[in-house]
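Visitor: Structure file start_19.pdb (PDB, N, CA and C atoms, pLDDT in the B column) is given on the next line.
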```pdb
ATOM      1  N   MET A 165       9.605 -29.206 -41.893  1.00 82.00           N
ATOM      2  CA  MET A 165      10.287 -27.976 -41.548  1.00 82.00           C
ATOM      3  C   MET A 165       9.263 -26.999 -40.969  1.00 82.00           C
ATOM      4  N   THR A 166       9.640 -26.333 -39.928  1.00 89.00           N
ATOM      5  CA  THR A 166       8.787 -25.328 -39.299  1.00 89.00           C
ATOM      6  C   THR A 166       9.275 -23.935 -39.675  1.00 89.00           C
ATOM      7  N   VAL A 167       8.318 -23.074 -40.028  1.00 93.00           N
ATOM      8  CA  VAL A 167       8.645 -21.691 -40.345  1.00 93.00           C
ATOM      9  C   VAL A 167       7.843 -20.793 -39.410  1.00 93.00           C
ATOM     10  N   ALA A 168       8.531 -19.854 -38.806  1.00 95.00           N
ATOM     11  CA  ALA A 168       7.886 -18.928 -37.872  1.00 95.00           C
ATOM     12  C   ALA A 168       7.933 -17.518 -38.449  1.00 95.00           C
ATOM     13  N   ARG A 169       7.003 -16.724 -37.986  1.00 96.00           N
ATOM     14  CA  ARG A 169       6.971 -15.319 -38.376  1.00 96.00           C
ATOM     15  C   ARG A 169       6.912 -14.479 -37.109  1.00 96.00           C
ATOM     16  N   ILE A 170       7.457 -13.279 -37.177  1.00 97.00           N
ATOM     17  CA  ILE A 170       7.427 -12.352 -36.041  1.00 97.00           C
ATOM     18  C   ILE A 170       6.673 -11.105 -36.477  1.00 97.00           C
ATOM     19  N   THR A 171       5.741 -10.689 -35.660  1.00 97.00           N
ATOM     20  CA  THR A 171       4.995  -9.464 -35.935  1.00 97.00           C
ATOM     21  C   THR A 171       5.048  -8.571 -34.702  1.00 97.00           C
ATOM     22  N   GLU A 172       4.941  -7.280 -34.910  1.00 97.00           N
ATOM     23  CA  GLU A 172       4.955  -6.324 -33.802  1.00 97.00           C
ATOM     24  C   GLU A 172       3.540  -5.836 -33.520  1.00 97.00           C
ATOM     25  N   ILE A 173       3.224  -5.746 -32.244  1.00 97.00           N
ATOM     26  CA  ILE A 173       1.952  -5.158 -31.835  1.00 97.00           C
ATOM     27  C   ILE A 173       2.210  -4.224 -30.664  1.00 97.00           C
ATOM     28  N   LYS A 174       1.371  -3.241 -30.516  1.00 98.00           N
ATOM     29  CA  LYS A 174       1.464  -2.315 -29.402  1.00 98.00           C
ATOM     30  C   LYS A 174       0.213  -2.511 -28.551  1.00 98.00           C
ATOM     31  N   ALA A 175       0.397  -2.654 -27.253  1.00 98.00           N
ATOM     32  CA  ALA A 175      -0.724  -2.863 -26.337  1.00 98.00           C
ATOM     33  C   ALA A 175      -0.618  -1.866 -25.190  1.00 98.00           C
ATOM     34  N   SER A 176      -1.767  -1.552 -24.597  1.00 98.00           N
ATOM     35  CA  SER A 176      -1.755  -0.586 -23.498  1.00 98.00           C
ATOM     36  C   SER A 176      -2.684  -1.026 -22.379  1.00 98.00           C
ATOM     37  N   SER A 177      -2.456  -0.457 -21.205  1.00 98.00           N
ATOM     38  CA  SER A 177      -3.269  -0.715 -20.031  1.00 98.00           C
ATOM     39  C   SER A 177      -3.199   0.495 -19.112  1.00 98.00           C
ATOM     40  N   THR A 178      -4.269   0.729 -18.387  1.00 97.00           N
ATOM     41  CA  THR A 178      -4.238   1.797 -17.384  1.00 97.00           C
ATOM     42  C   THR A 178      -3.737   1.266 -16.043  1.00 97.00           C
ATOM     43  N   LYS A 179      -3.505  -0.055 -15.949  1.00 98.00           N
ATOM     44  CA  LYS A 179      -3.106  -0.678 -14.679  1.00 98.00           C
ATOM     45  C   LYS A 179      -1.594  -0.811 -14.519  1.00 98.00           C
ATOM     46  N   SER A 180      -0.943  -1.491 -15.498  1.00 98.00           N
ATOM     47  CA  SER A 180       0.480  -1.795 -15.341  1.00 98.00           C
ATOM     48  C   SER A 180       1.073  -2.300 -16.652  1.00 98.00           C
ATOM     49  N   PHE A 181       2.402  -2.370 -16.705  1.00 98.00           N
ATOM     50  CA  PHE A 181       3.069  -2.970 -17.854  1.00 98.00           C
ATOM     51  C   PHE A 181       2.696  -4.442 -17.964  1.00 98.00           C
ATOM     52  N   ASP A 182       2.664  -5.132 -16.844  1.00 98.00           N
ATOM     53  CA  ASP A 182       2.318  -6.547 -16.831  1.00 98.00           C
ATOM     54  C   ASP A 182       0.938  -6.770 -17.455  1.00 98.00           C
ATOM     55  N   ASP A 183      -0.011  -5.942 -17.105  1.00 98.00           N
ATOM     56  CA  ASP A 183      -1.361  -6.060 -17.656  1.00 98.00           C
ATOM     57  C   ASP A 183      -1.362  -5.768 -19.154  1.00 98.00           C
ATOM     58  N   ALA A 184      -0.598  -4.795 -19.588  1.00 98.00           N
ATOM     59  CA  ALA A 184      -0.509  -4.480 -21.017  1.00 98.00           C
ATOM     60  C   ALA A 184       0.065  -5.669 -21.793  1.00 98.00           C
ATOM     61  N   ILE A 185       1.065  -6.329 -21.239  1.00 98.00           N
ATOM     62  CA  ILE A 185       1.657  -7.510 -21.881  1.00 98.00           C
ATOM     63  C   ILE A 185       0.618  -8.619 -21.998  1.00 98.00           C
ATOM     64  N   LYS A 186      -0.074  -8.903 -20.904  1.00 98.00           N
ATOM     65  CA  LYS A 186      -1.091  -9.959 -20.916  1.00 98.00           C
ATOM     66  C   LYS A 186      -2.195  -9.659 -21.914  1.00 98.00           C
ATOM     67  N   GLU A 187      -2.651  -8.413 -21.960  1.00 97.00           N
ATOM     68  CA  GLU A 187      -3.705  -8.018 -22.897  1.00 97.00           C
ATOM     69  C   GLU A 187      -3.222  -8.143 -24.344  1.00 97.00           C
ATOM     70  N   GLY A 188      -1.994  -7.736 -24.594  1.00 98.00           N
ATOM     71  CA  GLY A 188      -1.441  -7.817 -25.942  1.00 98.00           C
ATOM     72  C   GLY A 188      -1.301  -9.249 -26.433  1.00 98.00           C
ATOM     73  N   VAL A 189      -0.789 -10.125 -25.583  1.00 98.00           N
ATOM     74  CA  VAL A 189      -0.626 -11.531 -25.968  1.00 98.00           C
ATOM     75  C   VAL A 189      -1.991 -12.183 -26.173  1.00 98.00           C
ATOM     76  N   ALA A 190      -2.938 -11.899 -25.290  1.00 97.00           N
ATOM     77  CA  ALA A 190      -4.278 -12.472 -25.430  1.00 97.00           C
ATOM     78  C   ALA A 190      -4.931 -12.018 -26.727  1.00 97.00           C
ATOM     79  N   ARG A 191      -4.787 -10.766 -27.055  1.00 97.00           N
ATOM     80  CA  ARG A 191      -5.381 -10.238 -28.297  1.00 97.00           C
ATOM     81  C   ARG A 191      -4.698 -10.831 -29.528  1.00 97.00           C
ATOM     82  N   ALA A 192      -3.376 -10.966 -29.487  1.00 97.00           N
ATOM     83  CA  ALA A 192      -2.653 -11.560 -30.606  1.00 97.00           C
ATOM     84  C   ALA A 192      -3.108 -12.993 -30.838  1.00 97.00           C
ATOM     85  N   ALA A 193      -3.324 -13.733 -29.765  1.00 96.00           N
ATOM     86  CA  ALA A 193      -3.739 -15.133 -29.873  1.00 96.00           C
ATOM     87  C   ALA A 193      -5.141 -15.275 -30.476  1.00 96.00           C
ATOM     88  N   LYS A 194      -5.966 -14.237 -30.377  1.00 96.00           N
ATOM     89  CA  LYS A 194      -7.296 -14.282 -30.997  1.00 96.00           C
ATOM     90  C   LYS A 194      -7.201 -14.209 -32.522  1.00 96.00           C
ATOM     91  N   THR A 195      -6.213 -13.480 -33.031  1.00 94.00           N
ATOM     92  CA  THR A 195      -6.071 -13.255 -34.468  1.00 94.00           C
ATOM     93  C   THR A 195      -5.066 -14.210 -35.110  1.00 94.00           C
ATOM     94  N   LEU A 196      -3.977 -14.468 -34.431  1.00 94.00           N
ATOM     95  CA  LEU A 196      -2.899 -15.292 -34.978  1.00 94.00           C
ATOM     96  C   LEU A 196      -2.990 -16.709 -34.435  1.00 94.00           C
ATOM     97  N   GLU A 197      -2.807 -17.687 -35.316  1.00 92.00           N
ATOM     98  CA  GLU A 197      -2.777 -19.076 -34.868  1.00 92.00           C
ATOM     99  C   GLU A 197      -1.349 -19.469 -34.499  1.00 92.00           C
ATOM    100  N   ASN A 198      -1.225 -20.389 -33.570  1.00 95.00           N
ATOM    101  CA  ASN A 198       0.067 -20.974 -33.178  1.00 95.00           C
ATOM    102  C   ASN A 198       1.038 -19.951 -32.586  1.00 95.00           C
ATOM    103  N   VAL A 199       0.544 -19.035 -31.743  1.00 96.00           N
ATOM    104  CA  VAL A 199       1.438 -18.098 -31.057  1.00 96.00           C
ATOM    105  C   VAL A 199       2.318 -18.897 -30.102  1.00 96.00           C
ATOM    106  N   LYS A 200       3.620 -18.707 -30.211  1.00 96.00           N
ATOM    107  CA  LYS A 200       4.569 -19.491 -29.416  1.00 96.00           C
ATOM    108  C   LYS A 200       5.386 -18.670 -28.429  1.00 96.00           C
ATOM    109  N   ALA A 201       5.572 -17.375 -28.705  1.00 97.00           N
ATOM    110  CA  ALA A 201       6.418 -16.568 -27.823  1.00 97.00           C
ATOM    111  C   ALA A 201       6.129 -15.093 -28.062  1.00 97.00           C
ATOM    112  N   ALA A 202       6.550 -14.300 -27.091  1.00 98.00           N
ATOM    113  CA  ALA A 202       6.465 -12.848 -27.229  1.00 98.00           C
ATOM    114  C   ALA A 202       7.532 -12.230 -26.336  1.00 98.00           C
ATOM    115  N   TRP A 203       8.072 -11.112 -26.780  1.00 98.00           N
ATOM    116  CA  TRP A 203       9.002 -10.386 -25.921  1.00 98.00           C
ATOM    117  C   TRP A 203       8.747  -8.896 -26.054  1.00 98.00           C
ATOM    118  N   VAL A 204       9.107  -8.196 -25.014  1.00 98.00           N
ATOM    119  CA  VAL A 204       8.873  -6.756 -24.955  1.00 98.00           C
ATOM    120  C   VAL A 204      10.046  -6.050 -25.632  1.00 98.00           C
ATOM    121  N   ALA A 205       9.737  -5.360 -26.725  1.00 98.00           N
ATOM    122  CA  ALA A 205      10.768  -4.609 -27.442  1.00 98.00           C
ATOM    123  C   ALA A 205      10.992  -3.246 -26.795  1.00 98.00           C
ATOM    124  N   SER A 206       9.900  -2.633 -26.292  1.00 98.00           N
ATOM    125  CA  SER A 206      10.029  -1.350 -25.606  1.00 98.00           C
ATOM    126  C   SER A 206       8.825  -1.107 -24.707  1.00 98.00           C
ATOM    127  N   GLN A 207       9.001  -0.188 -23.800  1.00 98.00           N
ATOM    128  CA  GLN A 207       7.948   0.208 -22.868  1.00 98.00           C
ATOM    129  C   GLN A 207       7.886   1.729 -22.854  1.00 98.00           C
ATOM    130  N   GLU A 208       6.685   2.250 -22.617  1.00 98.00           N
ATOM    131  CA  GLU A 208       6.539   3.701 -22.456  1.00 98.00           C
ATOM    132  C   GLU A 208       5.330   3.966 -21.575  1.00 98.00           C
ATOM    133  N   VAL A 209       5.282   5.143 -21.013  1.00 98.00           N
ATOM    134  CA  VAL A 209       4.136   5.554 -20.215  1.00 98.00           C
ATOM    135  C   VAL A 209       3.595   6.865 -20.759  1.00 98.00           C
ATOM    136  N   VAL A 210       2.300   7.070 -20.536  1.00 97.00           N
ATOM    137  CA  VAL A 210       1.656   8.340 -20.854  1.00 97.00           C
ATOM    138  C   VAL A 210       1.481   9.063 -19.533  1.00 97.00           C
ATOM    139  N   VAL A 211       1.904  10.313 -19.494  1.00 97.00           N
ATOM    140  CA  VAL A 211       1.862  11.095 -18.256  1.00 97.00           C
ATOM    141  C   VAL A 211       0.962  12.308 -18.469  1.00 97.00           C
ATOM    142  N   ASN A 212       0.074  12.553 -17.502  1.00 95.00           N
ATOM    143  CA  ASN A 212      -0.783  13.741 -17.622  1.00 95.00           C
ATOM    144  C   ASN A 212      -0.006  14.981 -17.180  1.00 95.00           C
ATOM    145  N   GLY A 213      -0.614  16.133 -17.243  1.00 91.00           N
ATOM    146  CA  GLY A 213       0.047  17.388 -16.917  1.00 91.00           C
ATOM    147  C   GLY A 213       0.513  17.519 -15.481  1.00 91.00           C
ATOM    148  N   LYS A 214       0.000  16.662 -14.604  1.00 93.00           N
ATOM    149  CA  LYS A 214       0.365  16.721 -13.184  1.00 93.00           C
ATOM    150  C   LYS A 214       1.454  15.717 -12.813  1.00 93.00           C
ATOM    151  N   GLY A 215       1.998  15.014 -13.818  1.00 95.00           N
ATOM    152  CA  GLY A 215       3.073  14.060 -13.548  1.00 95.00           C
ATOM    153  C   GLY A 215       2.578  12.680 -13.145  1.00 95.00           C
ATOM    154  N   THR A 216       1.295  12.402 -13.323  1.00 97.00           N
ATOM    155  CA  THR A 216       0.728  11.102 -12.977  1.00 97.00           C
ATOM    156  C   THR A 216       0.692  10.214 -14.213  1.00 97.00           C
ATOM    157  N   ILE A 217       1.092   8.966 -14.048  1.00 97.00           N
ATOM    158  CA  ILE A 217       1.033   8.006 -15.153  1.00 97.00           C
ATOM    159  C   ILE A 217      -0.420   7.627 -15.386  1.00 97.00           C
ATOM    160  N   THR A 218      -0.861   7.771 -16.637  1.00 97.00           N
ATOM    161  CA  THR A 218      -2.248   7.445 -16.968  1.00 97.00           C
ATOM    162  C   THR A 218      -2.372   6.202 -17.850  1.00 97.00           C
ATOM    163  N   GLU A 219      -1.267   5.802 -18.467  1.00 98.00           N
ATOM    164  CA  GLU A 219      -1.324   4.629 -19.342  1.00 98.00           C
ATOM    165  C   GLU A 219       0.062   4.007 -19.479  1.00 98.00           C
ATOM    166  N   TYR A 220       0.082   2.675 -19.519  1.00 98.00           N
ATOM    167  CA  TYR A 220       1.305   1.904 -19.718  1.00 98.00           C
ATOM    168  C   TYR A 220       1.225   1.263 -21.098  1.00 98.00           C
ATOM    169  N   ARG A 221       2.274   1.401 -21.900  1.00 98.00           N
ATOM    170  CA  ARG A 221       2.274   0.853 -23.253  1.00 98.00           C
ATOM    171  C   ARG A 221       3.493  -0.029 -23.472  1.00 98.00           C
ATOM    172  N   VAL A 222       3.294  -1.103 -24.209  1.00 98.00           N
ATOM    173  CA  VAL A 222       4.396  -1.996 -24.565  1.00 98.00           C
ATOM    174  C   VAL A 222       4.357  -2.276 -26.060  1.00 98.00           C
ATOM    175  N   LEU A 223       5.523  -2.376 -26.641  1.00 98.00           N
ATOM    176  CA  LEU A 223       5.661  -2.837 -28.015  1.00 98.00           C
ATOM    177  C   LEU A 223       6.126  -4.284 -27.915  1.00 98.00           C
ATOM    178  N   LEU A 224       5.290  -5.207 -28.394  1.00 98.00           N
ATOM    179  CA  LEU A 224       5.588  -6.633 -28.299  1.00 98.00           C
ATOM    180  C   LEU A 224       5.982  -7.180 -29.664  1.00 98.00           C
ATOM    181  N   LYS A 225       6.930  -8.078 -29.655  1.00 98.00           N
ATOM    182  CA  LYS A 225       7.270  -8.850 -30.845  1.00 98.00           C
ATOM    183  C   LYS A 225       6.716 -10.253 -30.571  1.00 98.00           C
ATOM    184  N   VAL A 226       5.787 -10.658 -31.408  1.00 98.00           N
ATOM    185  CA  VAL A 226       5.081 -11.916 -31.197  1.00 98.00           C
ATOM    186  C   VAL A 226       5.509 -12.924 -32.267  1.00 98.00           C
ATOM    187  N   THR A 227       5.902 -14.112 -31.825  1.00 97.00           N
ATOM    188  CA  THR A 227       6.311 -15.181 -32.730  1.00 97.00           C
ATOM    189  C   THR A 227       5.184 -16.189 -32.870  1.00 97.00           C
ATOM    190  N   PHE A 228       4.873 -16.528 -34.113  1.00 97.00           N
ATOM    191  CA  PHE A 228       3.871 -17.570 -34.351  1.00 97.00           C
ATOM    192  C   PHE A 228       4.337 -18.455 -35.502  1.00 97.00           C
ATOM    193  N   ILE A 229       3.856 -19.706 -35.481  1.00 96.00           N
ATOM    194  CA  ILE A 229       4.252 -20.705 -36.478  1.00 96.00           C
ATOM    195  C   ILE A 229       3.273 -20.640 -37.645  1.00 96.00           C
ATOM    196  N   LEU A 230       3.801 -20.580 -38.865  1.00 94.00           N
ATOM    197  CA  LEU A 230       2.976 -20.564 -40.065  1.00 94.00           C
ATOM    198  C   LEU A 230       2.459 -21.967 -40.371  1.00 94.00           C
ATOM    199  N   LYS A 231       1.235 -22.042 -40.879  1.00 86.00           N
ATOM    200  CA  LYS A 231       0.677 -23.324 -41.283  1.00 86.00           C
ATOM    201  C   LYS A 231       1.424 -23.849 -42.505  1.00 86.00           C
ATOM    202  N   GLU A 232       1.445 -25.165 -42.615  1.00 78.00           N
ATOM    203  CA  GLU A 232       2.090 -25.782 -43.787  1.00 78.00           C
ATOM    204  C   GLU A 232       1.126 -25.847 -44.939  1.00 78.00           C
TER     205      GLU A 232
END
```
Give the structure from the file, written as structure tokens.
Guide:
Amino acid sequence: MTVARITEIKASSTKSFDDAIKEGVARAAKTLENVKAAWVASQEVVVNGKGTITEYRVLLKVTFILKE
């Protein structure tokens, strides 16, 4: 029997949402074994006082398989 767990992580990038997702999944894979999937639960941007986006953030739900 396989048992999976889901954990939430927040990742950010100054480049794009896509980059934030890639960075978040890569970082999760360093700590968690058997990462199998991830999905974006939410997205947000940080905006400076002039209306320019300075940071892209994603909340990821990461699925990984627990060891037996």
Visitor: Could you state the separation of atom C of A:Leu223 and atom CA of A:Glu208 in Å, given to one decimal place?
Guide: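 Separation between atom C of A:Leu223 and atom CA of A:Glu208: 9.7 Å.
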Visitor: Report as an NGL selection string the full result of the PyMOL selection byres (((chain A and resi 218-221 and name CA) around 12) and name CA) when it is applied to this structure.
Guide: :A and (173-188 or 204-217 or 222-224)
Visitor: Tell me, in Å to one decimal, how far atom N of A:Ile229 is from atom CA of A:Ala193.
Guide: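 So the two atoms, atom N of A:Ile229 and atom CA of A:Ala193, lie 10.5 Å apart.
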Visitor: Applied to this file, what does the PyMOL selection byres (((chain A and resi 169 and name CA) around 8) and name CA) return in terms of residues, put as a PyMOL selection string?
Guide: chain A and resi 167-168+170-171+227-230
Visitor: So which residues of chain A fall under strand (DSSP E) by DSSP, listed as an NGL selection string?
Guide: :A and (168-177 or 199-211 or 217-229)
Visitor: When you draw a straight line from atom C of A:Arg191 to atom N of A:Lys231, how long is it in Å?
Guide: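 Distance between the two atoms: 17.0 Å.
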